[in-house]
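Shown here: entry-v5.txt, compact mmCIF, C-alpha atoms and all ligand atoms.
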# COMPACT_ATOMS: atom_id res chain seq x y z
CA MET A 28 47.99 17.70 109.08
CA LYS A 29 47.00 18.47 105.49
CA ILE A 30 45.05 21.70 105.22
CA LYS A 31 42.29 21.40 102.66
CA GLY A 32 40.30 24.15 101.03
CA THR A 33 41.12 27.82 100.90
CA PRO A 34 44.72 28.97 101.05
CA PHE A 35 46.33 30.60 104.06
CA PHE A 36 44.17 33.30 105.67
CA THR A 37 41.75 33.83 102.76
CA SER A 38 38.89 32.59 104.92
CA GLY A 39 39.86 35.03 107.72
CA PRO A 40 42.42 34.52 110.44
CA SER A 41 40.03 33.46 113.21
CA LEU A 42 38.56 30.60 111.20
CA PHE A 43 42.02 29.59 110.11
CA TYR A 44 43.35 29.55 113.67
CA LYS A 45 40.43 27.51 114.92
CA LYS A 46 40.79 24.99 112.13
CA VAL A 47 44.52 24.52 112.32
CA PHE A 48 45.63 25.69 115.76
CA GLY A 49 42.55 24.86 117.81
CA ASN A 50 44.62 24.01 120.88
CA PHE A 51 46.46 27.31 120.96
CA LYS A 52 45.05 30.21 122.93
CA SER A 53 46.34 33.09 120.84
CA LYS A 54 48.46 34.23 117.94
CA ARG A 55 51.33 34.97 120.40
CA ASN A 56 51.07 31.42 121.66
CA ILE A 57 51.41 30.01 118.14
CA ILE A 58 54.38 32.20 117.35
CA ASP A 59 56.18 31.31 120.58
CA HIS A 60 55.60 27.60 120.05
CA PHE A 61 57.03 27.79 116.55
CA HIS A 62 59.91 29.92 117.82
CA LYS A 63 60.78 27.24 120.42
CA LEU A 64 60.48 24.50 117.82
CA TYR A 65 62.77 26.39 115.44
CA TYR A 66 65.31 27.31 118.12
CA ASP A 67 65.42 24.16 120.24
CA SER A 68 64.86 21.45 117.64
CA GLU A 69 67.31 18.56 117.60
CA GLU A 70 68.49 19.79 114.21
CA LYS A 71 69.40 23.15 115.84
CA THR A 72 67.93 24.96 112.86
CA TRP A 73 69.69 28.27 113.56
CA LYS A 74 73.09 26.56 113.60
CA ASN A 75 72.15 24.57 110.53
CA THR A 76 71.80 27.69 108.38
CA PHE A 77 74.29 28.58 105.66
CA TRP A 78 74.93 31.44 103.27
CA LEU A 79 76.91 30.31 100.22
CA GLY A 80 78.19 27.35 102.24
CA ILE A 81 79.28 29.33 105.32
CA GLN A 82 77.41 28.96 108.60
CA ALA A 83 75.37 32.02 109.51
CA GLN A 84 74.04 31.80 113.05
CA LYS A 85 70.84 33.58 112.20
CA CYS A 86 67.15 33.03 111.72
CA ALA A 87 66.64 32.94 107.96
CA LEU A 88 63.68 35.32 108.26
CA ASP A 89 65.90 37.89 109.98
CA LEU A 90 68.37 37.69 107.11
CA TRP A 91 65.55 38.63 104.75
CA ILE A 92 64.74 41.61 107.00
CA TYR A 93 68.44 42.56 106.87
CA GLN A 94 68.21 42.55 103.09
CA GLU A 95 65.15 44.83 103.17
CA ILE A 96 66.81 47.26 105.58
CA ILE A 97 70.05 47.37 103.57
CA PHE A 98 68.13 48.01 100.36
CA GLU A 99 66.22 50.88 102.02
CA ILE A 100 69.10 52.46 103.93
CA LYS A 101 71.92 51.71 101.50
CA PRO A 102 74.56 51.90 104.24
CA ASP A 103 78.11 52.70 103.22
CA ILE A 104 79.41 50.87 106.29
CA ILE A 105 77.92 47.99 108.24
CA ILE A 106 79.65 47.32 111.55
CA GLU A 107 79.11 43.83 112.95
CA CYS A 108 80.21 42.88 116.48
CA GLY A 109 80.63 39.10 116.58
CA THR A 110 81.93 37.48 113.40
CA ALA A 111 82.09 33.75 114.29
CA GLY A 112 82.62 31.86 111.02
CA GLY A 113 81.89 34.92 108.88
CA GLY A 114 78.63 33.67 107.35
CA SER A 115 76.60 36.71 108.36
CA ALA A 116 79.38 39.05 107.18
CA LEU A 117 79.41 37.24 103.83
CA PHE A 118 75.64 37.57 103.59
CA LEU A 119 75.89 41.32 104.21
CA ALA A 120 78.71 41.63 101.68
CA SER A 121 76.68 39.75 99.07
CA ILE A 122 73.75 42.15 99.47
CA CYS A 123 76.18 45.08 99.24
CA ASP A 124 77.60 43.50 96.08
CA LEU A 125 74.14 43.41 94.53
CA LEU A 126 73.59 47.07 95.44
CA ASN A 127 77.09 48.00 94.39
CA ASN A 128 77.49 49.90 97.65
CA GLY A 129 78.62 49.24 101.20
CA LYS A 130 81.45 47.67 103.18
CA ILE A 131 81.47 45.43 106.22
CA ILE A 132 83.65 45.84 109.31
CA THR A 133 83.30 42.80 111.54
CA ILE A 134 84.91 42.27 114.94
CA ASP A 135 85.61 39.15 116.97
CA ILE A 136 87.87 38.17 119.86
CA LYS A 137 88.72 34.96 118.00
CA SER A 138 90.50 34.63 114.69
CA ASP A 139 89.47 31.97 112.19
CA GLU A 140 91.52 31.14 109.12
CA GLY A 141 88.47 29.60 107.44
CA ARG A 142 86.50 32.82 107.21
CA PRO A 143 85.49 33.86 103.70
CA LYS A 144 87.72 36.37 101.96
CA HIS A 145 85.79 39.18 100.33
CA GLU A 146 86.95 42.59 99.16
CA LYS A 147 84.09 44.30 101.04
CA ILE A 148 84.81 42.59 104.38
CA THR A 149 87.37 43.88 106.91
CA TYR A 150 87.98 41.56 109.85
CA LEU A 151 89.13 43.12 113.12
CA LEU A 152 90.54 40.98 115.91
CA GLY A 153 89.78 42.12 119.47
CA SER A 154 87.05 42.87 121.93
CA SER A 155 84.40 45.16 120.47
CA THR A 156 84.29 47.59 123.40
CA THR A 157 88.03 48.28 123.67
CA HIS A 158 89.54 51.64 122.72
CA GLU A 159 91.85 49.91 120.21
CA ILE A 160 88.96 48.44 118.26
CA VAL A 161 86.83 51.58 118.40
CA GLU A 162 89.80 53.65 117.18
CA LYS A 163 90.43 51.22 114.31
CA ILE A 164 86.78 51.52 113.27
CA GLN A 165 86.98 55.33 113.40
CA GLY A 166 89.96 55.11 111.07
CA LEU A 167 87.96 53.08 108.56
CA ILE A 168 84.94 55.37 108.26
CA SER A 169 84.31 58.92 107.10
CA SER A 170 81.89 61.56 108.39
CA LYS A 171 79.84 61.22 105.17
CA ASP A 172 79.19 57.50 105.57
CA ARG A 173 75.73 56.11 106.27
CA ILE A 174 76.32 53.58 109.00
CA MET A 175 74.37 50.60 110.32
CA VAL A 176 75.42 48.40 113.26
CA ILE A 177 74.68 44.81 114.27
CA LEU A 178 75.46 43.62 117.82
CA ASP A 179 75.97 39.86 117.91
CA SER A 180 78.94 39.20 120.20
CA ASP A 181 78.80 38.63 123.98
CA HIS A 182 75.11 38.39 124.86
CA ASN A 183 75.30 39.26 128.56
CA LYS A 184 73.23 42.32 129.46
CA GLU A 185 76.03 44.49 130.78
CA TYR A 186 78.20 43.79 127.74
CA VAL A 187 75.42 44.48 125.25
CA LEU A 188 74.56 47.68 127.11
CA LYS A 189 78.18 48.79 126.85
CA GLU A 190 78.16 48.01 123.12
CA LEU A 191 74.87 49.86 122.70
CA LYS A 192 76.30 52.96 124.36
CA ILE A 193 79.44 52.90 122.22
CA TYR A 194 78.05 51.77 118.87
CA SER A 195 74.80 53.79 118.90
CA GLY A 196 77.09 56.77 118.38
CA PHE A 197 78.16 55.39 114.99
CA VAL A 198 74.61 54.94 113.66
CA THR A 199 73.43 57.65 111.28
CA ARG A 200 69.90 59.07 111.31
CA ASP A 201 67.21 56.75 109.87
CA SER A 202 69.63 53.83 110.05
CA TYR A 203 69.59 50.95 112.52
CA ILE A 204 71.41 49.31 115.37
CA ILE A 205 70.22 45.72 115.40
CA VAL A 206 70.53 43.88 118.69
CA GLU A 207 70.68 40.16 117.96
CA ASP A 208 69.27 37.40 120.15
CA THR A 209 66.91 39.47 122.28
CA ASN A 210 64.87 36.25 122.21
CA ILE A 211 67.01 34.62 124.92
CA ASN A 212 66.33 34.71 128.65
CA GLY A 213 62.78 33.54 128.03
CA HIS A 214 61.71 35.87 125.18
CA PRO A 215 60.66 33.11 124.53
CA VAL A 216 63.71 30.78 124.43
CA ASN A 217 66.72 29.90 126.59
CA SER A 218 64.96 30.88 129.82
CA ASP A 219 67.98 30.14 132.02
CA PHE A 220 70.33 32.57 130.30
CA GLY A 221 69.95 35.45 132.74
CA PRO A 222 69.78 39.14 131.78
CA GLY A 223 70.77 39.46 128.16
CA PRO A 224 70.23 41.56 125.03
CA MET A 225 66.51 42.24 125.68
CA GLU A 226 67.25 43.61 129.13
CA ALA A 227 70.07 45.72 127.70
CA VAL A 228 67.72 47.21 125.09
CA GLU A 229 65.15 48.05 127.76
CA GLU A 230 67.71 49.94 129.84
CA PHE A 231 69.29 51.60 126.82
CA LEU A 232 65.97 52.97 125.57
CA GLU A 233 65.12 54.43 128.95
CA GLU A 234 68.15 56.70 128.64
CA ASN A 235 68.53 57.18 124.91
CA LYS A 236 65.64 58.89 123.12
CA ASN A 237 67.36 58.92 119.72
CA PHE A 238 66.26 55.35 118.98
CA VAL A 239 62.90 53.60 118.76
CA ILE A 240 61.96 49.96 118.33
CA ASP A 241 60.83 49.37 114.75
CA ARG A 242 58.12 46.72 115.14
CA SER A 243 57.56 46.62 111.39
CA ARG A 244 60.76 44.55 111.18
CA GLU A 245 59.01 41.80 113.15
CA LYS A 246 56.44 41.29 110.39
CA PHE A 247 57.39 37.68 109.70
CA TYR A 248 56.26 36.82 113.28
CA LEU A 249 59.37 34.75 113.94
CA THR A 250 62.42 36.85 114.73
CA PHE A 251 65.38 36.16 116.97
CA ASN A 252 65.49 39.91 117.58
CA PRO A 253 62.15 40.92 119.16
CA SER A 254 62.43 44.59 120.19
CA GLY A 255 65.92 44.42 118.68
CA TYR A 256 65.50 46.44 115.46
CA LEU A 257 66.31 49.93 116.75
CA ARG A 258 65.93 52.83 114.35
CA ARG A 259 67.68 56.12 114.89
CA ILE A 260 65.08 58.85 114.62
CA ARG A 261 67.15 61.90 115.57
C1 LIG B 1 76.72 34.50 118.02
S1 LIG B 1 78.38 34.47 117.47
C2 LIG B 1 78.34 35.52 116.06
C3 LIG B 1 77.57 34.91 114.94
C4 LIG B 1 77.73 35.57 113.61
N1 LIG B 1 77.44 36.99 113.63
C5 LIG B 1 76.81 34.87 112.64
O1 LIG B 1 75.67 35.35 112.49
O2 LIG B 1 77.19 33.86 112.08
C6 LIG B 1 79.18 35.42 118.68
C7 LIG B 1 80.64 35.73 118.40
O3 LIG B 1 81.00 36.81 119.24
C8 LIG B 1 82.33 36.65 119.61
N2 LIG B 1 82.59 37.45 120.82
C9 LIG B 1 82.35 37.13 122.12
N3 LIG B 1 82.72 38.12 122.92
C10 LIG B 1 83.19 39.11 122.13
C11 LIG B 1 83.72 40.41 122.37
N4 LIG B 1 83.88 40.87 123.61
N5 LIG B 1 84.09 41.16 121.31
C12 LIG B 1 83.96 40.70 120.05
N6 LIG B 1 83.48 39.48 119.76
C13 LIG B 1 83.11 38.69 120.79
C14 LIG B 1 82.50 35.15 119.78
O4 LIG B 1 83.87 34.79 119.64
C15 LIG B 1 81.60 34.60 118.69
O5 LIG B 1 82.34 34.29 117.53
In structure tokens, how does this file's structure come out?
Amino acid sequence: MKIKGTPFFTSGPSLFYKKVFGNFKSKRNIIDHFHKLYYDSEEKTWKNTFWLGIQAQKCALDLWIYQEIIFEIKPDIIIECGTAGGGSALFLASICDLLNNGKIITIDIKSDEGRPKHEKITYLLGSSTTHEIVEKIQGLISSKDRIMVILDSDHNKEYVLKELKIYSGFVTRDSYIIVEDTNINGHPVNSDFGPGPMEAVEEFLEENKNFVIDRSREKFYLTFNPSGYLRRIR
């Protein structure tokens, strides 16, 4: 449908919604429909997303939020659990390049020769919750480092909860632990997944009062990480 007349929202949201999204009941409804379209489309949009030619299994809007957080926090170390092809690690390294600060430590149980080589990226091979991996990470950081963490490995609740308990300890005050893919298990996609990252976040926050959900990071409406941007406040 071609929208004529005033640009987006200048005539007030309610009029806009009525005109364009008359069949939808609410803003939430619109967002969830678009989320499902984006996530489940035949093109598999989130798999069909690349940074400098390398697949990054992310929502492009979340990558922009990453950029905003990294600019604000200026982390010295970004720990990523779940490397896959290395596209998200390369994205993080590129932003760190632009800021002339920060290194990436990324962990995966699988090795992949095709991953991008970059002086700011250290690849660790192993399971993110093992003592070996945690010890290796401790050897790569210093007590003065500002640290941010991204959890994007095994998405089952119990595993994410274990990662949250271990990796929240690395996060410095005012920085973030980002729990990826809290959208699965029906929030609003992939309803059959079973308890996953969202459920892990809920349980984690009941016990850990050092972190709060930063809703401002959901400002683009579509995020694969609803309730997943956790800021350390103390
Ligand atoms: C969703 S993909 C990561 C996507 C990547 N961060 C990106 O944005 O392109 C999940 C990855 O986690 C890895 N993985 C699964 N279980 C893991 C574990 N226990 N420890 C570390 N990595 C794991 C998988 O091998 C897979 O490559």
Could you produce a table of the residues of region 97-152 of chain A lying within 9 Å of region 193-217 of chain A, with the nearest pair of atoms per residue and their separation in Å rounded to one decimal, using only C-alpha atoms, ordered by chain and increasing residue number, as CSV?
residue,atom,partner,partner_atom,distance
A:Ile100,CA,A:Ser202,CA,6.3
A:Pro102,CA,A:Ser202,CA,7.9
A:Ile106,CA,A:Tyr194,CA,8.7
Handout entry: Distance query region 252-254 of chain A at most 12 Å, all atoms listed in the file, self and fewer than 6 positions along chain excluded, as a PyMOL selection string
Key = chain A and resi 58-59+62+85-90+92-93+177-179+204-211+213-216+223-229+231-232+238-246
Practice task
Could you check which of A:Ile168, A:Gly141, A:Ile174, A:Leu119 is closest to Glu95 (chain A), using only C-alpha atoms?
Solution key: A:Leu119
Practice task
Collect all residues with atoms no farther than 10 Å from ligand LIG 1 (chain B), counting all atoms listed in the file, and output them as JSON, numbers by chain.
Solution key: {"A": [73, 74, 76, 77, 78, 81, 82, 83, 84, 85, 86, 90, 107, 108, 109, 110, 111, 112, 113, 114, 115, 116, 117, 118, 133, 134, 135, 136, 137, 138, 139, 151, 152, 153, 154, 155, 156, 157, 160, 177, 178, 179, 180, 181, 182, 183, 186, 187, 190, 207, 208]}
Handout entry: Shortest interatomic distance to Glu230 (chain A) - which of A:Ile122, A:Ile260, A:Leu188, A:Ile132, counting all atoms listed in the file
Key =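 Using all atoms listed in the file, Glu230 (chain A) sits closest to A:Leu188.
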Practice task
Go through A:Cys123, A:Ile164, A:Leu249, A:Leu79 one by one, measure the shortest atom-to-atom distance of each to Ile97 (chain A) using all atoms listed in the file, and give the residue with the smallest value.
Solution key: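 Comparing A:Cys123, A:Ile164, A:Leu249, A:Leu79 against Ile97 (chain A), the winner is A:Cys123.
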